[in-house]
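Visitor: One file: structure.pdb (PDB, C-alpha atoms and all ligand atoms).
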```pdb
ATOM      1  CA  MET F   1      -4.023  -1.826 -21.851  1.00  0.00           C
ATOM      2  CA  ILE F   2      -0.492  -3.041 -21.309  1.00  0.00           C
ATOM      3  CA  LEU F   3       0.648  -2.578 -17.729  1.00  0.00           C
ATOM      4  CA  PRO F   4       4.382  -2.369 -17.115  1.00  0.00           C
ATOM      5  CA  VAL F   5       4.280  -4.778 -14.147  1.00  0.00           C
ATOM      6  CA  ARG F   6       7.094  -7.134 -13.231  1.00  0.00           C
ATOM      7  CA  ILE F   7       6.311 -10.816 -12.991  1.00  0.00           C
ATOM      8  CA  PRO F   8       8.482 -12.085 -10.130  1.00  0.00           C
ATOM      9  CA  HIS F   9      10.157 -15.437 -10.023  1.00  0.00           C
ATOM     10  CA  PRO F  10       7.776 -17.963  -8.463  1.00  0.00           C
ATOM     11  CA  GLY F  11      10.215 -19.258  -5.851  1.00  0.00           C
ATOM     12  CA  PRO F  12      11.343 -17.982  -2.460  1.00  0.00           C
ATOM     13  CA  ASP F  13      12.210 -14.342  -1.969  1.00  0.00           C
ATOM     14  CA  THR F  14      13.768 -12.235   0.793  1.00  0.00           C
ATOM     15  CA  CYS F  15      11.343 -10.217   2.913  1.00  0.00           C
ATOM     16  CA  LYS F  16      11.453  -6.474   2.290  1.00  0.00           C
ATOM     17  CA  VAL F  17      11.168  -5.760   6.034  1.00  0.00           C
ATOM     18  CA  CYS F  18      13.063  -8.425   7.982  1.00  0.00           C
ATOM     19  CA  ASP F  19      15.187 -10.205   5.319  1.00  0.00           C
ATOM     20  CA  SER F  20      13.673 -13.570   6.229  1.00  0.00           C
ATOM     21  CA  ARG F  21      12.536 -16.127   3.675  1.00  0.00           C
ATOM     22  CA  SER F  22       9.208 -15.488   1.970  1.00  0.00           C
ATOM     23  CA  GLU F  23       7.217 -17.566  -0.489  1.00  0.00           C
ATOM     24  CA  ALA F  24       4.874 -16.824  -3.363  1.00  0.00           C
ATOM     25  CA  ALA F  25       1.438 -16.528  -1.774  1.00  0.00           C
ATOM     26  CA  VAL F  26      -1.253 -15.247  -4.103  1.00  0.00           C
ATOM     27  CA  ALA F  27      -1.836 -13.408  -7.347  1.00  0.00           C
ATOM     28  CA  VAL F  28      -4.685 -10.976  -7.957  1.00  0.00           C
ATOM     29  CA  ASP F  29      -5.769  -9.009 -10.991  1.00  0.00           C
ATOM     30  CA  PHE F  30      -4.375  -5.471 -11.159  1.00  0.00           C
ATOM     31  CA  ALA F  31      -7.965  -4.176 -11.100  1.00  0.00           C
ATOM     32  CA  LYS F  32      -8.671  -5.621  -7.608  1.00  0.00           C
ATOM     33  CA  ASN F  33      -9.554  -2.741  -5.310  1.00  0.00           C
ATOM     34  CA  CYS F  34     -10.704  -1.745  -1.831  1.00  0.00           C
ATOM     35  CA  GLU F  35     -14.303  -1.141  -2.835  1.00  0.00           C
ATOM     36  CA  GLU F  36     -15.140  -4.543  -4.326  1.00  0.00           C
ATOM     37  CA  ARG F  37     -16.787  -5.497  -1.023  1.00  0.00           C
ATOM     38  CA  ARG F  38     -19.171  -2.600  -1.679  1.00  0.00           C
ATOM     39  CA  GLY F  39     -19.853  -3.703  -5.250  1.00  0.00           C
ATOM     40  CA  ILE F  40     -17.490  -1.336  -7.070  1.00  0.00           C
ATOM     41  CA  ALA F  41     -15.533  -3.559  -9.436  1.00  0.00           C
ATOM     42  CA  LEU F  42     -13.312  -2.429 -12.278  1.00  0.00           C
ATOM     43  CA  PRO F  43     -13.001  -4.348 -15.544  1.00  0.00           C
ATOM     44  CA  ARG F  44     -10.378  -7.077 -15.186  1.00  0.00           C
ATOM     45  CA  THR F  45      -7.018  -6.286 -16.783  1.00  0.00           C
ATOM     46  CA  GLU F  46      -5.685  -9.856 -16.963  1.00  0.00           C
ATOM     47  CA  ALA F  47      -2.447  -8.431 -15.497  1.00  0.00           C
ATOM     48  CA  PRO F  48      -1.629 -10.624 -12.467  1.00  0.00           C
ATOM     49  CA  ILE F  49      -0.014  -9.002  -9.447  1.00  0.00           C
ATOM     50  CA  HIS F  50       1.950 -11.639  -7.564  1.00  0.00           C
ATOM     51  CA  TYR F  51       2.459 -11.384  -3.807  1.00  0.00           C
ATOM     52  CA  HIS F  52       4.942 -13.033  -1.458  1.00  0.00           C
ATOM     53  CA  ARG F  53       4.368 -13.681   2.265  1.00  0.00           C
ATOM     54  CA  CYS F  54       7.139 -13.604   4.858  1.00  0.00           C
ATOM     55  CA  TYR F  55       7.312 -16.608   7.187  1.00  0.00           C
ATOM     56  CA  ASP F  56       8.641 -14.561  10.118  1.00  0.00           C
ATOM     57  CA  CYS F  57       6.940 -11.154  10.187  1.00  0.00           C
ATOM     58  CA  GLY F  58       3.863 -11.989   8.104  1.00  0.00           C
ATOM     59  CA  LEU F  59       4.362  -9.174   5.593  1.00  0.00           C
ATOM     60  CA  LEU F  60       2.426  -9.674   2.363  1.00  0.00           C
ATOM     61  CA  TYR F  61       4.093  -7.734  -0.444  1.00  0.00           C
ATOM     62  CA  THR F  62       4.646  -7.458  -4.159  1.00  0.00           C
ATOM     63  CA  ARG F  63       7.580  -6.464  -6.296  1.00  0.00           C
ATOM     64  CA  ALA F  64       5.321  -5.948  -9.326  1.00  0.00           C
ATOM     65  CA  PHE F  65       5.803  -2.183  -9.329  1.00  0.00           C
ATOM     66  CA  TYR F  66       9.537  -2.063  -8.708  1.00  0.00           C
ATOM     67  CA  GLY F  67      11.131   0.373 -11.077  1.00  0.00           C
ATOM     68  CA  TRP F  68       7.935   2.324 -11.749  1.00  0.00           C
ATOM     69  CA  SER F  69       8.419   6.053 -12.078  1.00  0.00           C
ATOM     70  CA  HIS F  70       6.188   8.560 -10.304  1.00  0.00           C
ATOM     71  CA  ALA F  71       4.576   9.206 -13.672  1.00  0.00           C
ATOM     72  CA  GLU F  72       3.687   5.507 -14.024  1.00  0.00           C
ATOM     73  CA  PHE F  73       2.172   5.413 -10.521  1.00  0.00           C
ATOM     74  CA  ARG F  74       0.153   8.537 -11.323  1.00  0.00           C
ATOM     75  CA  ARG F  75      -0.982   7.082 -14.655  1.00  0.00           C
ATOM     76  CA  TRP F  76      -1.943   3.588 -13.483  1.00  0.00           C
ATOM     77  CA  ILE F  77      -2.936   3.980  -9.823  1.00  0.00           C
ATOM     78  CA  TYR F  78      -3.061   7.473  -8.294  1.00  0.00           C
ATOM     79  CA  ASN F  79      -4.993   9.040 -11.152  1.00  0.00           C
ATOM     80  CA  ASP F  80      -8.242  11.029 -11.263  1.00  0.00           C
ATOM     81  CA  ASP F  81     -10.254   7.816 -10.804  1.00  0.00           C
ATOM     82  CA  TYR F  82      -8.429   6.656  -7.652  1.00  0.00           C
ATOM     83  CA  ALA F  83     -11.027   8.012  -5.206  1.00  0.00           C
ATOM     84  CA  ALA F  84     -13.704   5.872  -6.895  1.00  0.00           C
ATOM     85  CA  VAL F  85     -11.972   2.691  -5.708  1.00  0.00           C
ATOM     86  CA  ASP F  86     -10.707   3.971  -2.337  1.00  0.00           C
ATOM     87  CA  THR F  87     -13.574   6.091  -1.098  1.00  0.00           C
ATOM     88  CA  VAL F  88     -12.371   6.419   2.502  1.00  0.00           C
ATOM     89  CA  TYR F  89      -8.754   7.430   1.899  1.00  0.00           C
ATOM     90  CA  VAL F  90      -9.346  11.177   2.040  1.00  0.00           C
ATOM     91  CA  SER F  91     -10.454  11.530   5.653  1.00  0.00           C
ATOM     92  CA  VAL F  92     -12.447   8.606   7.064  1.00  0.00           C
ATOM     93  CA  ARG F  93      -9.546   6.129   7.189  1.00  0.00           C
ATOM     94  CA  PRO F  94      -6.913   8.629   8.417  1.00  0.00           C
ATOM     95  CA  MET F  95      -9.141   9.740  11.292  1.00  0.00           C
ATOM     96  CA  ALA F  96      -9.954   6.164  12.309  1.00  0.00           C
ATOM     97  CA  ASN F  97      -6.353   4.989  11.985  1.00  0.00           C
ATOM     98  CA  GLY F  98      -5.078   8.052  13.860  1.00  0.00           C
ATOM     99  CA  ALA F  99      -6.771   6.863  17.034  1.00  0.00           C
ATOM    100  CA  THR F 100      -5.419   3.333  16.587  1.00  0.00           C
ATOM    101  CA  VAL F 101      -1.846   4.428  15.857  1.00  0.00           C
ATOM    102  CA  ALA F 102      -1.852   6.925  18.734  1.00  0.00           C
ATOM    103  CA  ALA F 103      -3.049   4.191  21.113  1.00  0.00           C
ATOM    104  CA  LEU F 104      -0.290   1.846  19.903  1.00  0.00           C
ATOM    105  CA  MET F 105       2.313   4.599  20.297  1.00  0.00           C
ATOM    106  CA  LYS F 106       1.141   5.328  23.843  1.00  0.00           C
ATOM    107  CA  ARG F 107       1.153   1.637  24.762  1.00  0.00           C
ATOM    108  CA  ASN F 108       4.721   1.259  23.426  1.00  0.00           C
ATOM    109  CA  GLY F 109       6.072   4.491  24.910  1.00  0.00           C
ATOM    110  CA  LEU F 110       6.674   6.126  21.527  1.00  0.00           C
ATOM    111  CA  THR F 111       6.460   9.877  20.985  1.00  0.00           C
ATOM    112  CA  ARG F 112       7.438  10.386  17.316  1.00  0.00           C
ATOM    113  CA  THR F 113       6.466   8.757  14.031  1.00  0.00           C
ATOM    114  CA  LEU F 114       6.973   9.155  10.319  1.00  0.00           C
ATOM    115  CA  TYR F 115       4.176   7.877   8.123  1.00  0.00           C
ATOM    116  CA  TYR F 116       5.924   6.783   4.923  1.00  0.00           C
ATOM    117  CA  GLY F 117       3.483   7.007   2.022  1.00  0.00           C
ATOM    118  CA  GLY F 118       1.202   9.181   4.111  1.00  0.00           C
ATOM    119  CA  GLY F 119      -0.893  10.585   1.272  1.00  0.00           C
ATOM    120  CA  ASN F 120      -2.347  13.984   2.082  1.00  0.00           C
ATOM    121  CA  GLY F 121      -0.990  14.019   5.659  1.00  0.00           C
ATOM    122  CA  ASP F 122      -4.346  13.588   7.402  1.00  0.00           C
ATOM    123  CA  LEU F 123      -3.175  10.536   9.370  1.00  0.00           C
ATOM    124  CA  ALA F 124      -0.132  12.394  10.697  1.00  0.00           C
ATOM    125  CA  ARG F 125      -2.376  15.319  11.689  1.00  0.00           C
ATOM    126  CA  ALA F 126      -4.781  12.939  13.438  1.00  0.00           C
ATOM    127  CA  ILE F 127      -1.862  11.494  15.416  1.00  0.00           C
ATOM    128  CA  GLU F 128      -0.559  14.978  16.235  1.00  0.00           C
ATOM    129  CA  ALA F 129      -4.009  15.960  17.478  1.00  0.00           C
ATOM    130  CA  ARG F 130      -3.600  13.235  20.106  1.00  0.00           C
ATOM    131  CA  GLY F 131      -0.396  14.811  21.426  1.00  0.00           C
ATOM    132  CA  PHE F 132       2.308  13.010  19.448  1.00  0.00           C
ATOM    133  CA  ASP F 133       4.996  14.274  17.085  1.00  0.00           C
ATOM    134  CA  ALA F 134       4.010  12.935  13.660  1.00  0.00           C
ATOM    135  CA  ALA F 135       5.193  13.678  10.155  1.00  0.00           C
ATOM    136  CA  SER F 136       4.051  12.448   6.777  1.00  0.00           C
ATOM    137  CA  TRP F 137       6.030  11.864   3.606  1.00  0.00           C
ATOM    138  CA  ASP F 138       4.632  10.687   0.302  1.00  0.00           C
ATOM    139  CA  PRO F 139       6.433  10.669  -3.032  1.00  0.00           C
ATOM    140  CA  MET F 140       3.174  11.076  -4.964  1.00  0.00           C
TER     141      MET F 140
HETATM  142 ZN    ZN W   1       9.501 -10.362   7.134  1.00  0.00          ZN
END
```
As structure tokens, please, write out the structure in this file.
Ligand SMILES: [Zn+2]

Guide:
Amino acid sequence: MILPVRIPHPGPDTCKVCDSRSEAAVAVDFAKNCEERRGIALPRTEAPIHYHRCYDCGLLYTRAFYGWSHAEFRRWIYNDDYAAVDTVYVSVRPMANGATVAALMKRNGLTRTLYYGGGNGDLARAIEARGFDAASWDPM
């Protein structure tokens, strides 16, 4: 398997959120997934995914998939096997996060939100069910 991932330069980068300085932080195998804590591990790919961490806002991010097409994301990540390594994405996580996000919105006086990368829209619906205006957008 040859993954079309970008290997970033190892030095400082500019944060994708706040434009502050970030540094190389960690690299993990492409096969690392959410369910490893439950014993569901995929065969290692030997394709390292490098992450940077922002000094100011704390964002941990990668540029490894920059330039990927929707077809590449569907082939390598959001394929028919995705649910096996993210078992709670369909409804458990959106329902739980809906309560958390709605509470944060209430605390901060917010009434509207757009969930970018919102998957099937369940999180936005969970937020709406708590009286907020929420929309979801996902390119996949
Ligand atoms: Zn930042």

Visitor: Counting all atoms listed in the file, write as a PDB file with C-alpha atoms, in the coordinates of the input all protein and nucleic acid residues lying at most 12 Å from (3.4, 7.1, 25.0) in the file's frame.

Guide:
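selection15.pdb written:
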```pdb
ATOM      1  CA  VAL F 101      -1.846   4.428  15.857  1.00  0.00           C
ATOM      2  CA  ALA F 102      -1.852   6.925  18.734  1.00  0.00           C
ATOM      3  CA  ALA F 103      -3.049   4.191  21.113  1.00  0.00           C
ATOM      4  CA  LEU F 104      -0.290   1.846  19.903  1.00  0.00           C
ATOM      5  CA  MET F 105       2.313   4.599  20.297  1.00  0.00           C
ATOM      6  CA  LYS F 106       1.141   5.328  23.843  1.00  0.00           C
ATOM      7  CA  ARG F 107       1.153   1.637  24.762  1.00  0.00           C
ATOM      8  CA  ASN F 108       4.721   1.259  23.426  1.00  0.00           C
ATOM      9  CA  GLY F 109       6.072   4.491  24.910  1.00  0.00           C
ATOM     10  CA  LEU F 110       6.674   6.126  21.527  1.00  0.00           C
ATOM     11  CA  THR F 111       6.460   9.877  20.985  1.00  0.00           C
ATOM     12  CA  ARG F 112       7.438  10.386  17.316  1.00  0.00           C
ATOM     13  CA  THR F 113       6.466   8.757  14.031  1.00  0.00           C
ATOM     14  CA  ILE F 127      -1.862  11.494  15.416  1.00  0.00           C
ATOM     15  CA  ARG F 130      -3.600  13.235  20.106  1.00  0.00           C
ATOM     16  CA  GLY F 131      -0.396  14.811  21.426  1.00  0.00           C
ATOM     17  CA  PHE F 132       2.308  13.010  19.448  1.00  0.00           C
ATOM     18  CA  ASP F 133       4.996  14.274  17.085  1.00  0.00           C
TER      19      ASP F 133
END
```

Visitor: Name every residue that the PyMOL selection byres (((chain F and resi 83-89) around 12) and not hetatm) selects in this structure, writing the answer as a PyMOL selection string with chains first and numbers rising.

Guide: chain F and resi 31-42+77-82+90-97+118-123

Visitor: By how many Å are CA of Tyr116 (chain F) and CA of Arg6 (chain F) apart?

Guide: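 Computed distance, CA of Tyr116 (chain F) to CA of Arg6 (chain F), equals 22.9 Å.
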
Visitor: Kindly work out which residues sit at most 6 Å from ligand ZN 1 (chain W), using all atoms listed in the file, and give the list as a PyMOL selection string.

Guide: chain F and resi 15+17-20+54+56-59

Visitor: To one decimal in Å, tell me the separation between CA of Ile49 (chain F) and CA of Glu72 (chain F).

Guide: 15.7 Å

Visitor: Quick one, how far is CA of Asp13 (chain F) from CA of Gly67 (chain F)?

Guide: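 If I compute the distance from CA of Asp13 (chain F) to CA of Gly67 (chain F), I get 17.3 Å.
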
Visitor: Of the candidates F:Ala24, F:Ala134, F:Trp76, F:Leu114, which shows the shortest atom-to-atom distance to Pro4 (chain F), using all atoms listed in the file?

Guide: F:Trp76
